[in-house]
>>> print(open('target_15.cif').read())   # mmCIF, C-alpha atoms
data_structure
#
loop_
_atom_site.label_atom_id
_atom_site.label_comp_id
_atom_site.auth_asym_id
_atom_site.auth_seq_id
_atom_site.Cartn_x
_atom_site.Cartn_y
_atom_site.Cartn_z
CA MET A 30 0.00 0.00 0.00
CA GLY A 31 2.86 2.37 0.89
CA LYS A 32 4.32 2.03 -2.59
CA PHE A 33 1.03 3.01 -4.22
CA ARG A 34 0.76 6.02 -1.94
CA LYS A 35 4.23 7.19 -2.90
CA GLN A 36 3.42 6.94 -6.61
CA PHE A 37 0.18 8.83 -6.10
CA VAL A 38 1.74 11.67 -4.07
CA SER A 39 4.73 12.11 -6.39
CA GLY A 40 2.40 12.88 -9.31
CA ILE A 41 0.69 15.64 -7.35
CA ILE A 42 3.68 17.63 -6.08
CA ALA A 43 7.21 16.48 -6.90
CA ALA A 44 6.37 15.39 -10.45
CA ASN A 45 3.37 17.63 -11.10
CA PRO A 46 2.98 17.36 -14.87
CA VAL A 47 2.15 21.03 -15.42
CA PHE A 48 4.22 23.02 -12.95
CA MET A 49 7.27 20.79 -12.57
CA LEU A 50 7.56 19.08 -15.92
CA GLY A 51 5.92 21.68 -18.16
CA LEU A 52 3.81 19.03 -19.92
CA GLY A 53 0.30 19.38 -21.29
CA LEU A 54 0.47 23.15 -21.34
CA CYS A 55 -1.84 23.65 -24.33
CA PRO A 56 -5.14 22.53 -22.77
CA VAL A 57 -4.19 24.13 -19.44
CA LEU A 58 -3.77 27.57 -20.95
CA ALA A 59 -6.55 27.28 -23.50
CA VAL A 60 -9.51 26.17 -21.38
CA SER A 61 -8.61 27.94 -18.12
CA VAL A 62 -11.11 30.78 -18.60
CA ALA A 63 -13.68 29.38 -16.15
CA ILE A 64 -13.53 26.80 -13.36
CA ASP A 65 -16.31 24.76 -14.99
CA TYR A 66 -14.28 24.28 -18.17
CA GLY A 67 -11.26 23.34 -16.08
CA ILE A 68 -13.21 20.62 -14.28
CA GLY A 69 -14.67 19.34 -17.55
CA MET A 70 -11.25 19.18 -19.18
CA SER A 71 -9.70 17.48 -16.13
CA GLY A 72 -12.47 14.90 -16.20
CA ALA A 73 -11.88 14.16 -19.87
CA VAL A 74 -8.11 13.86 -19.42
CA MET A 75 -8.60 11.70 -16.31
CA PHE A 76 -10.86 9.26 -18.16
CA VAL A 77 -8.64 9.01 -21.25
CA LEU A 78 -5.44 8.62 -19.25
CA MET A 79 -6.92 6.05 -16.86
CA ALA A 80 -8.61 3.94 -19.54
CA SER A 81 -5.74 3.97 -22.03
CA ASN A 82 -3.06 3.36 -19.41
CA MET A 83 -4.98 0.41 -17.98
CA VAL A 84 -5.26 -1.13 -21.45
CA ILE A 85 -1.60 -0.41 -22.23
CA SER A 86 -0.46 -1.87 -18.92
CA PHE A 87 -2.66 -4.91 -19.53
CA ILE A 88 -1.25 -5.67 -22.98
CA ARG A 89 2.33 -4.58 -22.25
CA LYS A 90 3.70 -8.12 -22.61
CA PHE A 91 2.24 -8.64 -26.11
CA VAL A 92 3.34 -5.33 -27.63
CA PRO A 93 6.57 -5.51 -29.63
CA SER A 94 8.73 -2.62 -28.46
CA ILE A 95 9.54 -1.44 -31.99
CA SER A 96 5.93 -0.59 -32.84
CA ARG A 97 4.75 0.44 -29.38
CA ILE A 98 4.28 4.18 -30.04
CA PRO A 99 1.78 3.76 -32.93
CA ILE A 100 -0.10 1.15 -30.88
CA PHE A 101 -0.28 3.47 -27.87
CA ILE A 102 -1.47 6.33 -30.10
CA VAL A 103 -4.27 4.23 -31.57
CA ILE A 104 -5.43 3.14 -28.10
CA ILE A 105 -5.36 6.73 -26.83
CA ALA A 106 -7.14 8.05 -29.94
CA THR A 107 -9.91 5.47 -29.49
CA PHE A 108 -10.64 6.63 -25.95
CA VAL A 109 -10.43 10.27 -27.01
CA THR A 110 -13.02 9.61 -29.74
CA ILE A 111 -15.31 7.99 -27.16
CA THR A 112 -14.89 10.99 -24.82
CA THR A 113 -15.58 13.49 -27.59
CA LEU A 114 -18.76 11.68 -28.65
CA VAL A 115 -19.97 11.41 -25.03
CA PHE A 116 -19.40 15.13 -24.43
CA GLU A 117 -21.15 15.99 -27.68
CA ALA A 118 -24.20 13.91 -26.76
CA TRP A 119 -24.64 14.71 -23.08
CA MET A 120 -22.79 17.98 -22.45
CA PRO A 121 -23.23 20.01 -25.66
CA ALA A 122 -22.48 23.36 -23.96
CA LEU A 123 -19.19 22.11 -22.54
CA HIS A 124 -18.36 20.42 -25.84
CA GLU A 125 -18.91 23.73 -27.61
CA ALA A 126 -16.74 25.62 -25.10
CA LEU A 127 -13.81 23.19 -25.13
CA GLY A 128 -14.02 22.97 -28.93
CA LEU A 129 -11.12 21.32 -30.70
CA PHE A 130 -9.21 20.91 -27.44
CA LEU A 131 -11.18 17.73 -26.69
CA PRO A 132 -9.87 15.86 -29.76
CA LEU A 133 -6.45 17.40 -29.15
CA ILE A 134 -6.15 15.38 -25.92
CA VAL A 135 -4.65 12.73 -28.24
CA VAL A 136 -1.42 14.69 -28.53
CA ASN A 137 -1.35 15.76 -24.87
CA CYS A 138 2.20 14.89 -23.87
CA ILE A 139 1.16 13.85 -20.33
CA ILE A 140 -0.77 10.89 -21.69
CA LEU A 141 1.84 9.52 -24.07
CA GLY A 142 4.50 10.38 -21.49
CA ARG A 143 2.86 8.34 -18.72
CA ALA A 144 2.09 5.50 -21.13
CA GLU A 145 5.69 5.32 -22.31
CA ALA A 146 7.40 5.93 -18.97
CA PHE A 147 5.16 3.96 -16.62
CA ALA A 148 2.19 2.00 -17.92
CA SER A 149 4.18 0.07 -20.52
CA LYS A 150 6.53 -1.27 -17.84
CA ASN A 151 4.40 -1.79 -14.74
CA PRO A 152 1.47 -3.98 -13.63
CA VAL A 153 -2.08 -2.67 -13.71
CA ALA A 154 -2.40 -1.89 -9.97
CA SER A 155 0.59 0.44 -9.70
CA THR A 156 -0.32 1.98 -13.06
CA ILE A 157 -3.67 3.02 -11.57
CA ALA A 158 -1.90 4.70 -8.61
CA ASP A 159 0.53 6.49 -10.92
CA THR A 160 -2.25 7.62 -13.27
CA LEU A 161 -4.37 8.91 -10.39
CA GLY A 162 -1.43 10.95 -9.12
CA ALA A 163 -0.65 12.45 -12.52
CA THR A 164 -4.28 13.31 -13.28
CA VAL A 165 -4.98 14.80 -9.84
CA GLY A 166 -1.79 16.87 -10.23
CA PHE A 167 -2.95 18.01 -13.66
CA ALA A 168 -6.45 18.84 -12.40
CA LEU A 169 -5.09 20.80 -9.42
CA ALA A 170 -2.81 22.90 -11.63
CA LEU A 171 -5.58 23.50 -14.16
CA VAL A 172 -8.22 24.46 -11.59
CA THR A 173 -5.79 26.78 -9.77
CA ILE A 174 -5.10 28.68 -12.99
CA CYS A 175 -8.85 28.74 -13.81
CA PHE A 176 -9.56 30.13 -10.33
CA PHE A 177 -7.26 33.15 -10.71
CA ARG A 178 -8.30 33.86 -14.30
CA GLU A 179 -12.03 33.70 -13.58
CA LEU A 180 -11.70 35.66 -10.33
CA PHE A 181 -9.74 38.59 -11.77
CA GLY A 182 -11.06 38.40 -15.32
CA THR A 183 -14.78 38.50 -14.50
CA GLY A 184 -14.68 39.75 -10.90
CA SER A 185 -16.90 36.90 -9.76
CA LEU A 186 -16.81 33.16 -9.28
CA SER A 187 -19.30 30.46 -10.20
CA LEU A 188 -19.28 26.69 -9.98
CA PHE A 189 -21.39 24.35 -12.13
CA GLY A 190 -23.45 27.33 -13.30
CA VAL A 191 -24.22 28.41 -9.69
CA HIS A 192 -23.05 31.93 -8.92
CA LEU A 193 -20.88 31.97 -5.78
CA PHE A 194 -19.85 35.59 -5.11
CA THR A 195 -18.85 38.86 -6.75
CA LEU A 196 -15.83 40.91 -5.73
CA PRO A 197 -16.65 44.50 -4.66
CA VAL A 198 -14.58 46.63 -7.09
CA LEU A 199 -13.56 44.06 -9.70
CA GLY A 200 -17.19 42.99 -10.16
CA GLU A 201 -17.91 46.27 -11.94
CA ASP A 202 -14.56 46.73 -13.66
CA PRO A 203 -12.97 43.30 -14.16
CA ILE A 204 -9.39 43.09 -15.44
CA LEU A 205 -10.26 41.82 -18.91
CA LEU A 206 -6.63 40.95 -19.61
CA PHE A 207 -6.95 37.82 -17.47
CA ILE A 208 -9.67 36.34 -19.69
CA LEU A 209 -7.82 37.22 -22.90
CA PRO A 210 -4.97 34.97 -24.15
CA PRO A 211 -2.16 37.03 -22.50
CA GLY A 212 -3.75 36.45 -19.08
CA ALA A 213 -3.06 32.71 -19.31
CA PHE A 214 0.66 33.27 -19.89
CA LEU A 215 0.77 35.86 -17.09
CA VAL A 216 -0.95 33.64 -14.50
CA ILE A 217 1.10 30.53 -15.20
CA GLY A 218 4.34 32.55 -15.27
CA LEU A 219 3.61 34.16 -11.91
CA LEU A 220 2.42 30.90 -10.32
CA LEU A 221 5.57 29.11 -11.46
CA ALA A 222 7.75 31.93 -10.11
CA LEU A 223 5.84 31.79 -6.81
CA LEU A 224 6.37 28.02 -6.50
CA ARG A 225 10.08 28.46 -7.16
CA TRP A 226 10.35 31.37 -4.76
CA ARG A 227 8.74 29.32 -1.98
CA GLY A 228 11.17 26.52 -2.75
CA VAL A 229 8.51 24.04 -3.84
CA ALA A 230 10.02 23.85 -7.32
CA GLN A 231 13.66 23.99 -8.36
CA SER A 232 14.97 27.27 -9.78
CA GLU A 233 17.19 27.21 -12.86
CA MET B 7 -8.25 35.15 -54.06
CA ASN B 8 -9.48 37.57 -51.37
CA GLU B 9 -10.81 34.62 -49.38
CA LEU B 10 -7.39 32.96 -49.45
CA ILE B 11 -5.61 36.10 -48.24
CA VAL B 12 -8.09 36.41 -45.37
CA ILE B 13 -7.49 32.77 -44.35
CA PHE B 14 -3.73 33.21 -44.53
CA VAL B 15 -3.56 36.42 -42.46
CA SER B 16 -6.08 35.07 -39.98
CA MET B 17 -4.16 31.82 -39.39
CA ALA B 18 -0.69 33.40 -39.39
CA PHE B 19 -1.18 36.53 -37.30
CA VAL B 20 -4.66 37.37 -36.00
CA ASN B 21 -5.38 33.87 -34.67
CA ASN B 22 -1.74 32.90 -34.32
CA VAL B 23 -1.49 29.25 -33.23
CA VAL B 24 0.75 30.03 -30.28
CA PHE B 25 -0.43 33.40 -28.99
CA ALA B 26 -4.16 33.25 -29.62
CA ARG B 27 -4.89 29.50 -29.60
CA TYR B 28 -2.19 28.18 -27.24
CA LEU B 29 -1.17 25.31 -29.50
CA GLY B 30 2.20 23.61 -29.77
CA LEU B 31 3.36 25.09 -26.48
CA CYS B 32 5.56 22.14 -25.46
CA PRO B 33 7.92 22.48 -28.47
CA TYR B 34 7.42 26.25 -28.32
CA PHE B 35 8.95 26.60 -24.86
CA GLY B 36 11.24 23.61 -25.32
CA VAL B 37 13.05 24.67 -28.49
CA SER B 38 13.03 28.47 -28.18
CA LYS B 39 16.23 28.83 -26.17
CA LYS B 40 18.48 29.43 -29.19
CA THR B 41 17.75 30.99 -32.59
CA GLY B 42 19.39 28.23 -34.67
CA PRO B 43 17.28 25.27 -33.49
CA ALA B 44 14.21 27.53 -33.47
CA LEU B 45 14.69 28.21 -37.17
CA GLY B 46 15.08 24.48 -37.89
CA MET B 47 11.96 23.59 -35.89
CA GLY B 48 9.96 26.34 -37.58
CA MET B 49 10.88 25.11 -41.07
CA ALA B 50 10.12 21.49 -40.15
CA VAL B 51 6.68 22.44 -38.80
CA ILE B 52 5.75 24.43 -41.94
CA PHE B 53 6.79 21.47 -44.09
CA VAL B 54 4.93 18.79 -42.10
CA MET B 55 1.79 20.95 -41.78
CA LEU B 56 1.64 21.40 -45.56
CA ILE B 57 1.91 17.71 -46.43
CA ALA B 58 -0.35 16.69 -43.51
CA ALA B 59 -3.05 19.12 -44.63
CA ALA B 60 -2.87 17.83 -48.22
CA ALA B 61 -2.92 14.15 -47.20
CA THR B 62 -5.71 14.45 -44.64
CA TRP B 63 -7.85 16.51 -47.06
CA LEU B 64 -7.60 13.73 -49.65
CA ILE B 65 -8.37 11.00 -47.10
CA ASN B 66 -11.24 12.96 -45.60
CA HIS B 67 -12.90 13.70 -48.96
CA TYR B 68 -12.31 10.43 -50.78
CA ILE B 69 -12.53 7.89 -47.95
CA LEU B 70 -14.11 9.19 -44.75
CA ILE B 71 -16.95 11.28 -46.21
CA PRO B 72 -18.12 8.80 -48.92
CA PHE B 73 -18.29 6.02 -46.32
CA ASN B 74 -19.81 8.37 -43.74
CA VAL B 75 -17.28 7.55 -41.02
CA GLN B 76 -16.16 11.07 -40.05
CA PHE B 77 -16.14 10.03 -36.39
CA MET B 78 -12.89 8.20 -37.20
CA GLN B 79 -11.19 11.51 -38.05
CA ILE B 80 -9.14 11.74 -34.84
CA VAL B 81 -7.74 8.21 -35.08
CA ILE B 82 -7.01 8.38 -38.81
CA PHE B 83 -5.53 11.89 -38.79
CA ILE B 84 -3.10 11.22 -35.96
CA LEU B 85 -1.94 8.01 -37.65
CA VAL B 86 -1.51 9.83 -40.98
CA ILE B 87 0.51 12.58 -39.31
CA SER B 88 2.81 10.24 -37.42
CA SER B 89 3.47 8.06 -40.45
CA LEU B 90 4.01 11.12 -42.67
CA VAL B 91 6.56 12.42 -40.20
CA GLN B 92 8.41 9.09 -40.32
CA ILE B 93 8.32 8.92 -44.12
CA THR B 94 9.50 12.51 -44.43
CA GLU B 95 12.34 11.79 -42.05
CA LEU B 96 13.48 8.78 -44.10
CA PHE B 97 13.08 10.67 -47.39
CA ILE B 98 15.10 13.68 -46.24
CA LYS B 99 17.77 11.41 -44.76
CA ARG B 100 18.26 9.78 -48.18
CA THR B 101 18.04 12.85 -50.39
CA SER B 102 19.58 15.76 -48.56
CA ALA B 103 22.14 15.33 -45.81
CA THR B 104 22.33 19.07 -45.15
CA LEU B 105 18.58 19.41 -44.68
CA TYR B 106 18.54 16.27 -42.51
CA ASN B 107 21.25 17.64 -40.26
CA ALA B 108 19.37 20.92 -39.98
CA LEU B 109 15.92 19.42 -39.26
CA GLY B 110 16.97 16.01 -37.90
CA ILE B 111 15.68 15.53 -34.40
CA PHE B 112 12.96 18.16 -34.73
CA LEU B 113 11.10 16.11 -37.32
CA ALA B 114 10.57 13.27 -34.85
CA LEU B 115 9.23 15.70 -32.26
CA ILE B 116 6.56 17.09 -34.54
CA THR B 117 4.15 14.17 -34.11
CA THR B 118 3.35 15.48 -30.64
CA ASN B 119 2.94 19.06 -31.81
CA CYS B 120 -0.76 19.63 -31.34
CA ALA B 121 -0.75 22.52 -33.83
CA VAL B 122 -0.40 20.04 -36.70
CA LEU B 123 -3.36 17.90 -35.63
CA PHE B 124 -5.29 21.09 -34.94
CA VAL B 125 -4.85 22.42 -38.48
CA THR B 126 -6.06 19.18 -40.07
CA LEU B 127 -9.13 19.00 -37.78
CA TRP B 128 -9.83 22.71 -38.29
CA ASN B 129 -9.76 22.31 -42.08
CA ALA B 130 -12.14 19.36 -41.88
CA LEU B 131 -14.48 21.22 -39.50
CA HIS B 132 -14.74 24.24 -41.77
CA ASP B 133 -15.15 22.29 -45.03
CA TYR B 134 -12.24 24.07 -46.68
CA THR B 135 -11.50 23.30 -50.32
CA PHE B 136 -8.14 21.74 -51.17
CA ILE B 137 -6.50 25.10 -51.95
CA GLU B 138 -7.97 26.69 -48.83
CA SER B 139 -6.65 23.84 -46.68
CA ILE B 140 -3.15 24.30 -48.07
CA VAL B 141 -3.28 28.06 -47.49
CA SER B 142 -4.56 27.63 -43.95
CA ALA B 143 -1.77 25.11 -43.19
CA LEU B 144 0.83 27.45 -44.70
CA GLY B 145 -0.52 30.33 -42.61
CA SER B 146 -0.47 28.33 -39.37
CA GLY B 147 3.02 27.01 -40.06
CA ILE B 148 4.39 30.47 -40.81
CA GLY B 149 2.59 31.81 -37.72
CA PHE B 150 4.23 29.13 -35.55
CA ALA B 151 7.69 29.70 -37.06
CA PHE B 152 7.27 33.46 -36.66
CA ALA B 153 6.34 33.11 -32.99
CA LEU B 154 9.16 30.61 -32.32
CA ILE B 155 11.92 32.67 -33.95
CA LEU B 156 10.72 35.87 -32.27
CA MET B 157 10.70 34.15 -28.89
CA SER B 158 14.15 32.59 -29.33
CA GLY B 159 15.64 36.03 -29.99
CA ILE B 160 14.03 37.36 -26.83
CA ARG B 161 15.17 34.40 -24.74
CA GLU B 162 18.78 34.75 -25.91
CA ARG B 163 18.71 38.28 -24.50
CA LEU B 164 16.94 37.13 -21.33
CA GLU B 165 19.77 34.66 -20.62
CA ILE B 166 22.10 37.54 -19.78
CA ALA B 167 19.42 39.75 -18.23
CA ASP B 168 19.49 40.28 -14.48
CA CYS B 169 16.11 39.06 -13.26
CA PRO B 170 15.07 37.61 -9.87
CA ARG B 171 16.35 34.08 -9.31
CA SER B 172 12.94 32.44 -9.12
CA MET B 173 11.83 34.13 -12.37
CA ARG B 174 14.76 32.83 -14.39
CA GLY B 175 14.11 30.38 -17.24
CA LEU B 176 10.53 29.31 -17.82
CA PRO B 177 8.59 31.90 -15.71
CA ILE B 178 10.15 34.91 -17.43
CA ALA B 179 9.62 33.21 -20.80
CA PHE B 180 5.89 32.97 -20.01
CA ILE B 181 5.84 36.68 -19.15
CA ALA B 182 7.60 37.49 -22.44
CA ALA B 183 5.02 35.36 -24.26
CA MET B 184 2.33 37.40 -22.54
CA MET B 185 3.79 40.65 -23.93
CA LEU B 186 3.98 39.19 -27.46
CA SER B 187 0.44 37.87 -27.21
CA LEU B 188 -0.75 41.28 -26.00
CA ALA B 189 0.86 42.91 -29.03
CA LEU B 190 -0.87 40.49 -31.41
CA ILE B 191 -4.29 41.21 -29.87
CA GLY B 192 -3.95 44.64 -31.50
CA LEU B 193 -4.42 42.92 -34.87
CA GLY B 194 -7.76 41.50 -33.75
CA GLY B 195 -9.87 44.16 -35.47
CA MET B 196 -8.38 43.42 -38.89
CA ILE B 197 -10.66 40.52 -39.79
#
>>> encode(input="target_15.cif", output="structure tokens")
Amino acid sequence: MGKFRKQFVSGIIAANPVFMLGLGLCPVLAVSVAIDYGIGMSGAVMFVLMASNMVISFIRKFVPSISRIPIFIVIIATFVTITTLVFEAWMPALHEALGLFLPLIVVNCIILGRAEAFASKNPVASTIADTLGATVGFALALVTICFFRELFGTGSLSLFGVHLFTLPVLGEDPILLFILPPGAFLVIGLLLALLRWRGVAQSE
Amino acid sequence: MNELIVIFVSMAFVNNVVFARYLGLCPYFGVSKKTGPALGMGMAVIFVMLIAAAATWLINHYILIPFNVQFMQIVIFILVISSLVQITELFIKRTSATLYNALGIFLALITTNCAVLFVTLWNALHDYTFIESIVSALGSGIGFAFALILMSGIRERLEIADCPRSMRGLPIAFIAAMMLSLALIGLGGMI
């Protein structure tokens, strides 16, 4: 049990895919306009990563190592197609908002990275622990960035369509920059600097 | 003709793949430390985008649409792109040693560049004609190369700049990207 816990925790902090390794930046920056989108995207990535890594870990002994990358990509693409169709059918608003970033999960480097580095070499049980850690780390990073962008960019916060609160001054004059593309670069740059300043992450 | 110019300018500058759509960020921050490799990566991306757009347009219009299996687009397109990248790599290795040495490792990295998959899916989504697809791929490729080369110049200067220790490297690069992205927003009213 202790081994599984270590794998899980390392994905959240020490090997956080977004802040520490700089992987999967595209969806993080693109959909981080509102917390709802962040949760939707995290859910999609979590499902694809979990399902494809379990399959990859399951068949790891039958896959010839020379053709493993194309095989992994086909498995991942299959689950991404399933996710896209499910979102389109049951969550059309979210599907519309996430747009082409749902199909683009295929080329998310976290997924192929975890498949190549962990799932293809380890049994199913520890793969599940590793995948949970990586996806929770990804979701935490994504939702943190969403939180700051929505808070400063719109001056208010809402969750699952329910309005939570409005800031006094910013509610009337929100800092639009945070919702626009530059805001994403600004927030992740400052968060990364903050983590390094506090000594959580290594400085260069 | 007007239509084509609009598509080109829109893909290259107004909706720049990096600054407005946040695509291809992993290679963007990974390869933009020096101008030389940035130039090589930019050229390789333009090249792969062009052939990928042409190949996926043909497959989409002559195989997927007649058989009504467009839901297979993601699986087919990513396979086409990764095999095209491999074939291109082999072809360039055989024909031009200079070009291979210049592009070399970057070609292999392009499969995971989401900008390439994005362009092919975007073309299919918008029902572009063959010529329009090529122009849109050319525009995106040039937009990516433009952003990459610009950034590498800035980062070479940042190396010797005196900035706080915790901002060095990636954080300050993100802030620089923010400034560039802010500048490109000014073009938003053009189209």
>>> residues_near_point(input="target_15.cif", point="(-1.2, -1.0, -9.4)", cutoff="12 Å", atoms="all atoms listed in the file", output="JSON, numbers by chain")
{"A": [30, 31, 32, 33, 34, 35, 36, 37, 79, 82, 83, 86, 87, 147, 148, 150, 151, 152, 153, 154, 155, 156, 157, 158, 159, 160, 161, 162]}
>>> resolve_selection(input="target_15.cif", expression="the PyMOL selection byres ((chain A) within 7 of (chain B))", output="list in words")
Leu52, Leu54, Cys55, Leu58, Ala59, Val103, Ala106, Thr107, Thr110, Pro132, Leu133, Val136, Cys138, Pro210, Pro211, Phe214, Leu215, Gly218, Leu219, Leu221, Ala222, Arg225, Trp226, Ser232 and Glu233 of chain A
>>> atom_distance(input="target_15.cif", atom1="atom CA of Ile85 of chain A", atom2="atom CA of Ile104 of chain A")
7.9 Å
>>> residues_around(input="target_15.cif", residues="Gly184 of chain A", least_positions_apart="2", cutoff="10 Å", atoms="only C-alpha atoms", output="tab-separated table (two decimals) with C-alpha atoms, keeping the file's coordinate frame")
chain	number	residue	atom	x	y	z
A	177	PHE	CA	-7.26	33.15	-10.71
A	178	ARG	CA	-8.30	33.86	-14.30
A	179	GLU	CA	-12.03	33.70	-13.58
A	180	LEU	CA	-11.70	35.66	-10.33
A	181	PHE	CA	-9.74	38.59	-11.77
A	182	GLY	CA	-11.06	38.40	-15.32
A	186	LEU	CA	-16.81	33.16	-9.28
A	194	PHE	CA	-19.85	35.59	-5.11
A	195	THR	CA	-18.85	38.86	-6.75
A	196	LEU	CA	-15.83	40.91	-5.73
A	197	PRO	CA	-16.65	44.50	-4.66
A	198	VAL	CA	-14.58	46.63	-7.09
A	199	LEU	CA	-13.56	44.06	-9.70
A	200	GLY	CA	-17.19	42.99	-10.16
A	201	GLU	CA	-17.91	46.27	-11.94
A	202	ASP	CA	-14.56	46.73	-13.66
A	203	PRO	CA	-12.97	43.30	-14.16
A	204	ILE	CA	-9.39	43.09	-15.44
A	205	LEU	CA	-10.26	41.82	-18.91
>>> resolve_selection(input="target_15.cif", expression="the PyMOL selection byres ((chain B and resi 156) around 10)", output="PDB file with C-alpha atoms, keeping the file's coordinate frame")
ATOM      1  CA  SER B  38      13.030  28.470 -28.180  1.00  0.00           C
ATOM      2  CA  THR B  41      17.750  30.990 -32.590  1.00  0.00           C
ATOM      3  CA  ALA B  44      14.210  27.530 -33.470  1.00  0.00           C
ATOM      4  CA  LEU B  45      14.690  28.210 -37.170  1.00  0.00           C
ATOM      5  CA  PHE B 150       4.230  29.130 -35.550  1.00  0.00           C
ATOM      6  CA  ALA B 151       7.690  29.700 -37.060  1.00  0.00           C
ATOM      7  CA  PHE B 152       7.270  33.460 -36.660  1.00  0.00           C
ATOM      8  CA  ALA B 153       6.340  33.110 -32.990  1.00  0.00           C
ATOM      9  CA  LEU B 154       9.160  30.610 -32.320  1.00  0.00           C
ATOM     10  CA  ILE B 155      11.920  32.670 -33.950  1.00  0.00           C
ATOM     11  CA  MET B 157      10.700  34.150 -28.890  1.00  0.00           C
ATOM     12  CA  SER B 158      14.150  32.590 -29.330  1.00  0.00           C
ATOM     13  CA  GLY B 159      15.640  36.030 -29.990  1.00  0.00           C
ATOM     14  CA  ILE B 160      14.030  37.360 -26.830  1.00  0.00           C
ATOM     15  CA  ARG B 161      15.170  34.400 -24.740  1.00  0.00           C
ATOM     16  CA  ALA B 183       5.020  35.360 -24.260  1.00  0.00           C
ATOM     17  CA  LEU B 186       3.980  39.190 -27.460  1.00  0.00           C
TER      18      LEU B 186
END
>>> resolve_selection(input="target_15.cif", expression="the PyMOL selection byres ((chain B and resi 10) around 12)", output="PyMOL selection string")
chain B and resi 7-9+11-17+134-145
>>> axis_aligned_box(input="target_15.cif", around="segment 108-118 of chain A", padding_each_side="3 Å", output="lines of an AutoDock Vina configuration file")
center_x = -17.3
center_y = 11.3
center_z = -27.1
size_x = 19.8
size_y = 15.4
size_z = 11.3
>>> atom_distance(input="target_15.cif", atom1="atom CA of Met49 of chain B", atom2="atom CA of Ala61 of chain B")
18.7 Å
>>> atom_distance(input="target_15.cif", atom1="atom CA of Asn45 of chain A", atom2="atom CA of Thr173 of chain A")
13.0 Å
>>> residues_around(input="target_15.cif", residues="Asn137 of chain A", least_positions_apart="3", cutoff="6 Å", atoms="only C-alpha atoms", output="list in words")
Gly53, Ile134 and Ile140 of chain A
>>> residues_near_point(input="target_15.cif", point="(5.3, 13.3, -40.0)", cutoff="7 Å", atoms="all atoms listed in the file", output="list in words")
Val54, Ile87, Ser88, Ser89, Leu90, Val91, Gln92, Ile93, Thr94, Leu113, Ile116 and Thr117 of chain B
